[in-house]
$ cat data_35.cif   # mmCIF, C-alpha atoms
data_coords
#
loop_
_atom_site.group_PDB
_atom_site.id
_atom_site.type_symbol
_atom_site.label_atom_id
_atom_site.label_comp_id
_atom_site.auth_asym_id
_atom_site.auth_seq_id
_atom_site.Cartn_x
_atom_site.Cartn_y
_atom_site.Cartn_z
ATOM 1 C CA MET A 1 -54.024 -97.588 53.582
ATOM 2 C CA ARG A 2 -52.809 -98.381 50.070
ATOM 3 C CA LYS A 3 -54.731 -96.818 47.182
ATOM 4 C CA ARG A 4 -54.590 -97.584 43.489
ATOM 5 C CA GLN A 5 -55.375 -94.853 41.003
ATOM 6 C CA VAL A 6 -55.942 -95.518 37.292
ATOM 7 C CA VAL A 7 -55.889 -92.668 34.773
ATOM 8 C CA LEU A 8 -56.903 -93.240 31.148
ATOM 9 C CA ARG A 9 -56.131 -90.720 28.418
ATOM 10 C CA ARG A 10 -55.679 -90.675 24.675
ATOM 11 C CA ALA A 11 -52.114 -90.193 23.517
ATOM 12 C CA SER A 12 -51.320 -87.894 20.641
ATOM 13 C CA PRO A 13 -49.759 -89.470 17.513
ATOM 14 C CA GLU A 14 -46.575 -87.442 18.095
ATOM 15 C CA GLU A 15 -46.095 -88.938 21.577
ATOM 16 C CA PRO A 16 -43.454 -91.683 21.666
ATOM 17 C CA SER A 17 -44.807 -95.221 21.902
ATOM 18 C CA ARG A 18 -42.956 -96.670 24.862
ATOM 19 C CA SER A 19 -43.746 -98.031 28.290
ATOM 20 C CA SER A 20 -42.081 -96.471 31.293
ATOM 21 C CA SER A 21 -42.192 -97.294 34.954
ATOM 22 C CA THR A 22 -41.103 -95.630 38.152
ATOM 23 C CA ALA A 23 -41.333 -96.674 41.777
ATOM 24 C CA SER A 24 -44.908 -95.378 42.045
ATOM 25 C CA SER A 25 -46.457 -95.581 38.561
ATOM 26 C CA LEU A 26 -46.569 -97.653 35.411
ATOM 27 C CA THR A 27 -47.573 -96.434 31.931
ATOM 28 C CA VAL A 28 -49.095 -98.972 29.540
ATOM 29 C CA ARG A 29 -49.927 -98.134 25.925
ATOM 30 C CA SER A 30 -52.138 -100.214 23.668
ATOM 31 C CA VAL A 31 -52.671 -99.713 19.937
ATOM 32 C CA ARG A 32 -55.982 -100.297 18.158
ATOM 33 C CA TYR A 33 -56.712 -99.789 14.474
ATOM 34 C CA GLY A 34 -60.035 -98.135 13.575
ATOM 35 C CA GLU A 35 -61.812 -97.448 10.316
ATOM 36 C CA CYS A 36 -60.164 -97.830 6.909
ATOM 37 C CA GLN A 37 -59.176 -94.531 5.312
ATOM 38 C CA LYS A 38 -57.994 -95.842 1.932
ATOM 39 C CA ASN A 39 -59.294 -93.713 -0.930
ATOM 40 C CA HIS A 40 -60.347 -96.249 -3.569
ATOM 41 C CA ALA A 41 -61.249 -93.550 -6.115
ATOM 42 C CA ALA A 42 -57.891 -91.733 -6.064
ATOM 43 C CA PRO A 43 -56.808 -93.001 -9.523
ATOM 44 C CA VAL A 44 -59.820 -91.277 -11.124
ATOM 45 C CA GLY A 45 -59.588 -88.107 -9.000
ATOM 46 C CA GLY A 46 -62.461 -88.834 -6.643
ATOM 47 C CA TYR A 47 -62.914 -89.793 -3.036
ATOM 48 C CA ALA A 48 -64.533 -93.037 -1.897
ATOM 49 C CA VAL A 49 -63.847 -95.178 1.144
ATOM 50 C CA ASP A 50 -65.078 -98.761 1.523
ATOM 51 C CA GLY A 51 -66.817 -98.356 4.894
ATOM 52 C CA CYS A 52 -64.683 -100.836 6.840
ATOM 53 C CA ARG A 53 -65.120 -99.778 10.476
ATOM 54 C CA GLU A 54 -62.310 -101.700 12.212
ATOM 55 C CA PHE A 55 -59.159 -103.627 11.309
ATOM 56 C CA MET A 56 -59.467 -107.394 11.729
ATOM 57 C CA ALA A 57 -56.297 -109.354 11.050
ATOM 58 C CA SER A 58 -56.542 -112.098 8.431
ATOM 59 C CA CYS A 59 -55.666 -115.646 9.351
ATOM 60 C CA GLY A 60 -51.941 -115.810 9.782
ATOM 61 C CA GLU A 61 -49.125 -115.949 12.296
ATOM 62 C CA GLU A 62 -48.225 -112.765 14.170
ATOM 63 C CA GLY A 63 -45.588 -110.854 12.206
ATOM 64 C CA THR A 64 -46.450 -112.314 8.784
ATOM 65 C CA VAL A 65 -47.818 -110.388 5.806
ATOM 66 C CA ALA A 66 -51.200 -112.112 6.218
ATOM 67 C CA ALA A 67 -51.545 -110.737 9.745
ATOM 68 C CA LEU A 68 -51.121 -107.194 8.376
ATOM 69 C CA THR A 69 -54.022 -107.574 5.898
ATOM 70 C CA CYS A 70 -57.572 -106.709 6.979
ATOM 71 C CA ALA A 71 -59.977 -109.646 6.697
ATOM 72 C CA ALA A 72 -62.946 -107.296 6.126
ATOM 73 C CA CYS A 73 -61.663 -105.010 3.360
ATOM 74 C CA GLY A 74 -58.373 -106.550 2.180
ATOM 75 C CA CYS A 75 -56.339 -103.381 2.810
ATOM 76 C CA HIS A 76 -53.001 -103.201 4.623
ATOM 77 C CA ARG A 77 -53.150 -102.258 8.313
ATOM 78 C CA SER A 78 -51.458 -98.913 7.596
ATOM 79 C CA PHE A 79 -54.639 -97.676 5.840
ATOM 80 C CA HIS A 80 -56.596 -97.984 9.101
ATOM 81 C CA ARG A 81 -56.690 -95.119 11.594
ATOM 82 C CA ARG A 82 -54.299 -95.813 14.475
ATOM 83 C CA GLU A 83 -55.612 -95.162 17.991
ATOM 84 C CA ILE A 84 -53.205 -95.205 20.929
ATOM 85 C CA GLU A 85 -54.645 -95.535 24.424
ATOM 86 C CA THR A 86 -52.450 -94.839 27.425
ATOM 87 C CA GLU A 87 -53.125 -96.180 30.895
ATOM 88 C CA VAL A 88 -51.223 -94.819 33.887
ATOM 89 C CA VAL A 89 -51.437 -96.974 36.999
ATOM 90 C CA CYS A 90 -50.324 -95.401 40.274
ATOM 91 C CA ASP A 91 -49.872 -97.090 43.622
ATOM 92 C CA CYS A 92 -50.435 -94.248 46.059
ATOM 93 C CA ASN A 93 -49.287 -94.663 49.648
ATOM 94 C CA SER A 94 -51.059 -91.669 51.166
ATOM 95 C CA PRO A 95 -52.815 -91.678 54.536
ATOM 96 C CA PRO A 96 -56.620 -91.919 54.384
ATOM 97 C CA SER A 97 -58.473 -88.630 54.636
ATOM 98 C CA THR A 98 -60.486 -88.088 57.799
ATOM 99 C CA GLY A 99 -63.147 -86.000 56.075
ATOM 100 C CA ASN A 100 -62.801 -82.992 58.407
#
$ encode --input "data_35.cif" --output "structure tokens"
Amino acid sequence: MRKRQVVLRRASPEEPSRSSSTASSLTVRSVRYGECQKNHAAPVGGYAVDGCREFMASCGEEGTVAALTCAACGCHRSFHRREIETEVVCDCNSPPSTGN
């Protein structure tokens, strides 16, 4: 019997962002950008964020400057918290357990 096991875990920011595959498993990483962390009051010595909860790309082709600007708050994508999700897919070829 052929089993498929999927393991989801959050990757640390220090972990390299690459996909690797072996004969039995495949690692897929996806990047999502969360809330905006830009401090708009930094010039006056304060702390204030705009409340933007998630990066939404502005209208523009992939790879252009417009695609790197958030449609909600107008900030660059680098001001948004980066979340990396890793998915490990394994094809396990183990015999079925008999439950003894």
$ closest_atom_pairs --input "data_35.cif" --of "stretch 30-53 of chain A" --to "stretch 79-82 of chain A" --cutoff "10 Å" --atoms "only C-alpha atoms" --output "tab-separated table"
residue	atom	partner	partner_atom	distance
A:Val31	CA	A:Arg82	CA	6.9
A:Arg32	CA	A:Arg82	CA	6.0
A:Tyr33	CA	A:Arg82	CA	4.7
A:Gly34	CA	A:Arg81	CA	4.9
A:Glu35	CA	A:His80	CA	5.4
A:Cys36	CA	A:His80	CA	4.2
A:Gln37	CA	A:Phe79	CA	5.5
A:Lys38	CA	A:Phe79	CA	5.5
A:Asn39	CA	A:Phe79	CA	9.1
A:Cys52	CA	A:His80	CA	8.9
A:Arg53	CA	A:His80	CA	8.8
$ residues_around --input "data_35.cif" --residues "A:Gly74" --least-positions-apart "3" --cutoff "12 Å" --atoms "all atoms listed in the file" --output "list in words"
Cys36, Lys38, His40, Asp50, Cys52, Glu54, Phe55, Met56, Ala57, Ser58, Cys59, Val65, Ala66, Ala67, Leu68, Thr69, Cys70, Ala71, Arg77, Ser78, Phe79 and His80 of chain A
$ atom_distance --input "data_35.cif" --atom1 "atom CA of A:Gly51" --atom2 "atom CA of A:His76"
14.6 Å
$ atom_distance --input "data_35.cif" --atom1 "atom CA of A:Cys75" --atom2 "atom CA of A:Gly60"
14.9 Å
$ atom_distance --input "data_35.cif" --atom1 "atom CA of A:Val28" --atom2 "atom CA of A:Glu83"
13.8 Å
